[in-house]
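Note: the block below is target-v2.cif and it holds mmCIF, C-alpha atoms and all ligand atoms.
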data_structure
loop_
_atom_site.label_atom_id
_atom_site.label_comp_id
_atom_site.auth_asym_id
_atom_site.auth_seq_id
_atom_site.Cartn_x
_atom_site.Cartn_y
_atom_site.Cartn_z
CA MET B 427 -8.70 -45.14 66.51
CA ALA B 428 -9.21 -48.57 64.98
CA SER B 429 -10.06 -51.56 67.12
CA SER B 430 -6.55 -52.85 67.62
CA LYS B 431 -6.66 -55.12 70.63
CA LYS B 432 -4.68 -53.47 73.47
CA ARG B 433 -1.35 -53.81 71.75
CA GLY B 434 1.95 -53.15 73.45
CA LYS B 435 1.12 -53.12 77.12
CA THR B 436 0.51 -56.84 77.42
CA ALA B 437 4.01 -58.18 77.99
CA PRO B 438 3.87 -61.77 79.21
CA LYS B 439 4.84 -62.23 82.85
CA THR B 440 7.59 -64.63 82.01
CA GLY B 441 9.03 -62.40 79.29
CA LEU B 442 12.23 -61.34 80.95
CA ILE B 443 12.94 -64.76 82.45
CA LYS B 444 12.42 -66.21 79.00
CA LEU B 445 14.90 -63.76 77.56
CA CYS B 446 17.45 -64.71 80.24
CA LEU B 447 16.98 -68.36 79.35
CA GLU B 448 17.40 -67.63 75.67
CA LYS B 449 20.64 -65.82 76.41
CA ARG B 450 21.68 -68.74 78.62
CA MET B 451 22.07 -66.74 81.77
CA PRO B 452 22.26 -69.16 84.70
CA LEU B 453 19.18 -68.68 86.88
CA THR B 454 18.51 -69.43 90.50
CA LYS B 455 15.37 -68.90 92.53
CA LYS B 456 16.80 -65.68 93.96
CA ARG B 457 17.89 -64.39 90.60
CA LYS B 458 14.42 -65.07 89.23
CA LEU B 459 12.92 -63.05 92.05
CA ILE B 460 15.20 -60.09 91.29
CA ILE B 461 14.43 -60.34 87.58
CA SER B 462 10.70 -60.32 88.23
CA ILE B 463 11.04 -57.26 90.46
CA ILE B 464 12.74 -55.36 87.64
CA GLU B 465 10.23 -56.57 85.10
CA LYS B 466 7.15 -55.68 87.12
CA SER B 467 8.37 -52.30 88.26
CA SER B 468 6.73 -49.47 86.42
CA SER B 469 9.38 -47.06 87.62
CA HIS B 470 13.12 -47.13 87.11
CA MET B 471 14.41 -48.76 90.25
CA ASP B 472 17.92 -48.19 91.45
CA PHE B 473 20.06 -50.73 93.28
CA GLU B 474 18.77 -49.72 96.71
CA GLY B 475 15.17 -49.99 95.60
CA ILE B 476 15.64 -53.41 94.07
CA TYR B 477 17.47 -54.65 97.14
CA ARG B 478 14.75 -53.36 99.48
CA GLU B 479 12.01 -55.00 97.44
CA ALA B 480 13.90 -58.30 97.15
CA LYS B 481 14.56 -58.36 100.88
CA LYS B 482 10.88 -57.79 101.56
CA ARG B 483 9.92 -60.83 99.50
CA ASP B 484 12.78 -63.06 100.53
CA PRO B 485 14.56 -62.02 103.73
CA SER B 486 17.36 -64.48 103.02
CA ILE B 487 18.52 -62.46 100.01
CA GLY B 488 21.78 -60.67 100.67
CA ILE B 489 23.08 -57.46 99.17
CA ALA B 490 25.81 -59.42 97.33
CA THR B 491 23.22 -61.58 95.55
CA VAL B 492 21.41 -58.52 94.27
CA TYR B 493 24.68 -56.92 93.21
CA ARG B 494 25.88 -60.03 91.41
CA THR B 495 22.54 -60.63 89.71
CA LEU B 496 22.47 -57.10 88.33
CA LYS B 497 26.06 -57.41 87.17
CA LEU B 498 25.25 -60.68 85.45
CA MET B 499 22.15 -59.22 83.86
CA ARG B 500 24.24 -56.44 82.42
CA GLU B 501 26.79 -58.92 81.10
CA PHE B 502 24.05 -60.95 79.46
CA GLN B 503 22.37 -57.77 78.22
CA VAL B 504 19.05 -58.60 79.80
CA VAL B 505 18.64 -55.29 81.58
CA THR B 506 18.67 -51.67 80.48
CA HIS B 507 20.29 -49.12 82.72
CA HIS B 508 20.20 -45.36 82.82
CA SER B 509 22.19 -42.98 84.93
CA PHE B 510 19.78 -40.05 84.59
CA GLY B 511 22.63 -37.69 85.40
CA GLN B 512 23.17 -39.30 88.78
CA GLU B 513 26.01 -41.42 90.02
CA HIS B 514 23.92 -44.50 90.59
CA LYS B 515 22.15 -46.51 87.93
CA HIS B 516 18.47 -47.10 87.33
CA PHE B 517 17.36 -50.41 85.91
CA GLU B 518 14.60 -51.23 83.50
CA SER B 519 13.43 -54.29 81.61
CA PRO B 520 14.81 -54.35 78.06
CA ILE B 521 11.56 -55.91 76.89
CA LYS B 522 9.70 -52.67 77.48
CA SER B 523 9.22 -50.96 74.15
CA HIS B 524 11.49 -48.07 73.27
CA HIS B 525 10.85 -44.76 74.97
CA ASP B 526 12.71 -41.66 76.02
CA HIS B 527 12.82 -39.93 79.39
CA LEU B 528 12.17 -36.59 81.05
CA VAL B 529 14.05 -36.32 84.32
CA CYS B 530 13.20 -33.86 87.09
CA ASN B 531 16.32 -32.38 88.67
CA GLU B 532 14.41 -31.50 91.83
CA CYS B 533 12.49 -34.63 92.84
CA GLY B 534 14.05 -37.19 90.51
CA ASN B 535 10.68 -38.03 89.00
CA ILE B 536 10.98 -39.71 85.61
CA ILE B 537 8.41 -39.36 82.87
CA GLU B 538 8.50 -41.68 79.88
CA PHE B 539 7.49 -40.51 76.45
CA LEU B 540 7.56 -41.59 72.84
CA ASP B 541 7.28 -39.12 70.04
CA PRO B 542 7.04 -40.56 66.51
CA CYS B 543 8.24 -37.30 64.94
CA LEU B 544 11.33 -37.29 67.11
CA GLU B 545 12.02 -40.94 66.38
CA LYS B 546 11.80 -40.25 62.66
CA LEU B 547 13.96 -37.16 62.96
CA LYS B 548 16.73 -39.11 64.67
CA LEU B 549 16.77 -41.63 61.85
CA GLU B 550 16.89 -38.82 59.33
CA ILE B 551 19.77 -37.10 61.12
CA ALA B 552 21.67 -40.37 61.21
CA SER B 553 21.15 -41.17 57.54
CA ARG B 554 21.92 -37.58 56.51
CA ASN B 555 25.32 -38.20 58.07
CA GLY B 556 25.72 -41.54 56.34
CA PHE B 557 25.15 -43.20 59.66
CA ARG B 558 23.15 -46.33 60.35
CA MET B 559 21.50 -45.88 63.71
CA GLN B 560 21.34 -48.90 65.97
CA SER B 561 20.00 -47.36 69.12
CA HIS B 562 19.61 -44.04 70.85
CA LYS B 563 18.86 -42.59 74.24
CA LEU B 564 17.28 -39.27 74.98
CA GLU B 565 17.06 -37.79 78.43
CA ILE B 566 15.63 -34.34 78.95
CA PHE B 567 16.53 -32.74 82.26
CA GLY B 568 14.54 -30.04 83.95
CA ILE B 569 11.85 -29.32 86.50
CA CYS B 570 8.57 -31.22 86.60
CA LYS B 571 5.13 -29.68 86.89
CA THR B 572 4.78 -30.41 90.60
CA CYS B 573 8.19 -29.02 91.50
CA PHE B 574 7.67 -25.99 89.28
CA LYS B 575 4.60 -25.03 91.32
CA LYS B 576 6.63 -25.08 94.51
CA ILE B 577 9.22 -22.60 93.25
ZN ZN B 601 13.46 -42.36 71.21
ZN ZN B 602 9.97 -32.77 90.27
ZN ZN B 603 11.94 -45.84 81.05
#
Could I get this file's structure written as structure tokens?
Amino acid sequence: MASSKKRGKTAPKTGLIKLCLEKRMPLTKKRKLIISIIEKSSSHMDFEGIYREAKKRDPSIGIATVYRTLKLMREFQVVTHHSFGQEHKHFESPIKSHHDHLVCNECGNIIEFLDPCLEKLKLEIASRNGFRMQSHKLEIFGICKTCFKKI
């Protein structure tokens, strides 16, 4: 490996807020708090998780504020959401670089991965069909290592 200075993982702390400002999403102190929770989370938080975390940091935050902020973020396209085969949504910062997901059907654990061959293959499939790919999502469902051992 060449000496490329820790690329990728150094997203600036204000990244997502900056994106919201660029997209002209109206921000309040509470909205900023919710945005930073989503940005800093390494997992894929669902609504409940975000609400719990927000409440912990600012007890005056109500469930409606969290709901409205997430709705607004979706409208302004400043959040990525996945359903992972469940009824509720999981939220993730759109600034995070592209990756795909492995989802455990037993414990709900989510593993992120990026495979250059797969990425290339998807582009090839698209172009073979005269299709210009703009985005894609891949979710692989199954049983994780830990859960597999328990069976
Ligand atoms: Zn991919
Ligand atoms: Zn599992
Ligand atoms: Zn992810």
Could you list, as a list in words, all the residues within 7 Å of ligand ZN 603 (chain B), counting all atoms listed in the file?
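Checked against 7 Å with all atoms listed in the file; the hits are His470, Glu518, His525, Asp526, His527 and Glu538 of chain B.
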Return as an MDAnalysis selection string every polymer residue, whether protein, DNA or RNA, with at least one atom no more than 10 Å from an atom of ligand ZN 602 (chain B); count all atoms listed in the file.
chainID B and resid 529:536 568:576
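Take the candidates B:Arg494, B:Lys456, B:Lys563, B:Arg483 and check each one against His507 (chain B) using all atoms listed in the file; the shortest distance goes to B:Lys563.
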Is there a way to get, as an MDAnalysis selection string, all residues within 10 Å of the point (21.3, -57.9, 75.4) in file coordinates, counting all atoms listed in the file?
chainID B and resid 445:446 449 499:506 520
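Pairwise distance (CA of Phe539 (chain B), CA of Ile443 (chain B)) equals 25.6 Å.
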Using all atoms listed in the file, I'd like a table of the residues in chain B that come within 12 Å of ligand ZN 601 (chain B); for each, show the closest atom pair and its distance in Å rounded to one decimal, ordered by chain and ascending number, as a tab-separated table.
residue	atom	partner	partner_atom	distance
B:Ser523	CA	B:ZN601	ZN	10.0
B:His524	CA	B:ZN601	ZN	6.4
B:His525	CA	B:ZN601	ZN	5.2
B:Asp526	CA	B:ZN601	ZN	4.9
B:His527	CA	B:ZN601	ZN	8.6
B:Leu528	CA	B:ZN601	ZN	11.5
B:Glu538	CA	B:ZN601	ZN	10.0
B:Phe539	CA	B:ZN601	ZN	8.2
B:Leu540	CA	B:ZN601	ZN	6.2
B:Asp541	CA	B:ZN601	ZN	7.1
B:Pro542	CA	B:ZN601	ZN	8.2
B:Cys543	CA	B:ZN601	ZN	9.6
B:Leu544	CA	B:ZN601	ZN	6.9
B:Glu545	CA	B:ZN601	ZN	5.2
B:Lys546	CA	B:ZN601	ZN	9.0
B:Leu547	CA	B:ZN601	ZN	9.8
B:Lys548	CA	B:ZN601	ZN	8.0
B:Leu549	CA	B:ZN601	ZN	10.0
B:Met559	CA	B:ZN601	ZN	11.5
B:Gln560	CA	B:ZN601	ZN	11.5
B:Ser561	CA	B:ZN601	ZN	8.5
B:His562	CA	B:ZN601	ZN	6.4
B:Lys563	CA	B:ZN601	ZN	6.2
B:Leu564	CA	B:ZN601	ZN	6.2
B:Glu565	CA	B:ZN601	ZN	9.3
B:Ile566	CA	B:ZN601	ZN	11.4
Preceding selection exported with C-alpha atoms as a PDB file, keeping the file's coordinate frame:
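Wrote it out as again17.pdb, contents follow:
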ATOM      1  CA  SER B 523       9.220 -50.960  74.150  1.00  0.00           C
ATOM      2  CA  HIS B 524      11.490 -48.070  73.270  1.00  0.00           C
ATOM      3  CA  HIS B 525      10.850 -44.760  74.970  1.00  0.00           C
ATOM      4  CA  ASP B 526      12.710 -41.660  76.020  1.00  0.00           C
ATOM      5  CA  HIS B 527      12.820 -39.930  79.390  1.00  0.00           C
ATOM      6  CA  LEU B 528      12.170 -36.590  81.050  1.00  0.00           C
ATOM      7  CA  GLU B 538       8.500 -41.680  79.880  1.00  0.00           C
ATOM      8  CA  PHE B 539       7.490 -40.510  76.450  1.00  0.00           C
ATOM      9  CA  LEU B 540       7.560 -41.590  72.840  1.00  0.00           C
ATOM     10  CA  ASP B 541       7.280 -39.120  70.040  1.00  0.00           C
ATOM     11  CA  PRO B 542       7.040 -40.560  66.510  1.00  0.00           C
ATOM     12  CA  CYS B 543       8.240 -37.300  64.940  1.00  0.00           C
ATOM     13  CA  LEU B 544      11.330 -37.290  67.110  1.00  0.00           C
ATOM     14  CA  GLU B 545      12.020 -40.940  66.380  1.00  0.00           C
ATOM     15  CA  LYS B 546      11.800 -40.250  62.660  1.00  0.00           C
ATOM     16  CA  LEU B 547      13.960 -37.160  62.960  1.00  0.00           C
ATOM     17  CA  LYS B 548      16.730 -39.110  64.670  1.00  0.00           C
ATOM     18  CA  LEU B 549      16.770 -41.630  61.850  1.00  0.00           C
ATOM     19  CA  MET B 559      21.500 -45.880  63.710  1.00  0.00           C
ATOM     20  CA  GLN B 560      21.340 -48.900  65.970  1.00  0.00           C
ATOM     21  CA  SER B 561      20.000 -47.360  69.120  1.00  0.00           C
ATOM     22  CA  HIS B 562      19.610 -44.040  70.850  1.00  0.00           C
ATOM     23  CA  LYS B 563      18.860 -42.590  74.240  1.00  0.00           C
ATOM     24  CA  LEU B 564      17.280 -39.270  74.980  1.00  0.00           C
ATOM     25  CA  GLU B 565      17.060 -37.790  78.430  1.00  0.00           C
ATOM     26  CA  ILE B 566      15.630 -34.340  78.950  1.00  0.00           C
TER      27      ILE B 566
END
Using only C-alpha atoms, pick whichever of B:Ala552, B:Ile476, B:Val492, B:Met471 has the shortest atom-to-atom distance to Thr454 (chain B).
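Distance minimum relative to Thr454 (chain B) lands on B:Val492.
Going from CA of Met451 (chain B) over to CA of Thr495 (chain B), you cover 10.0 Å.
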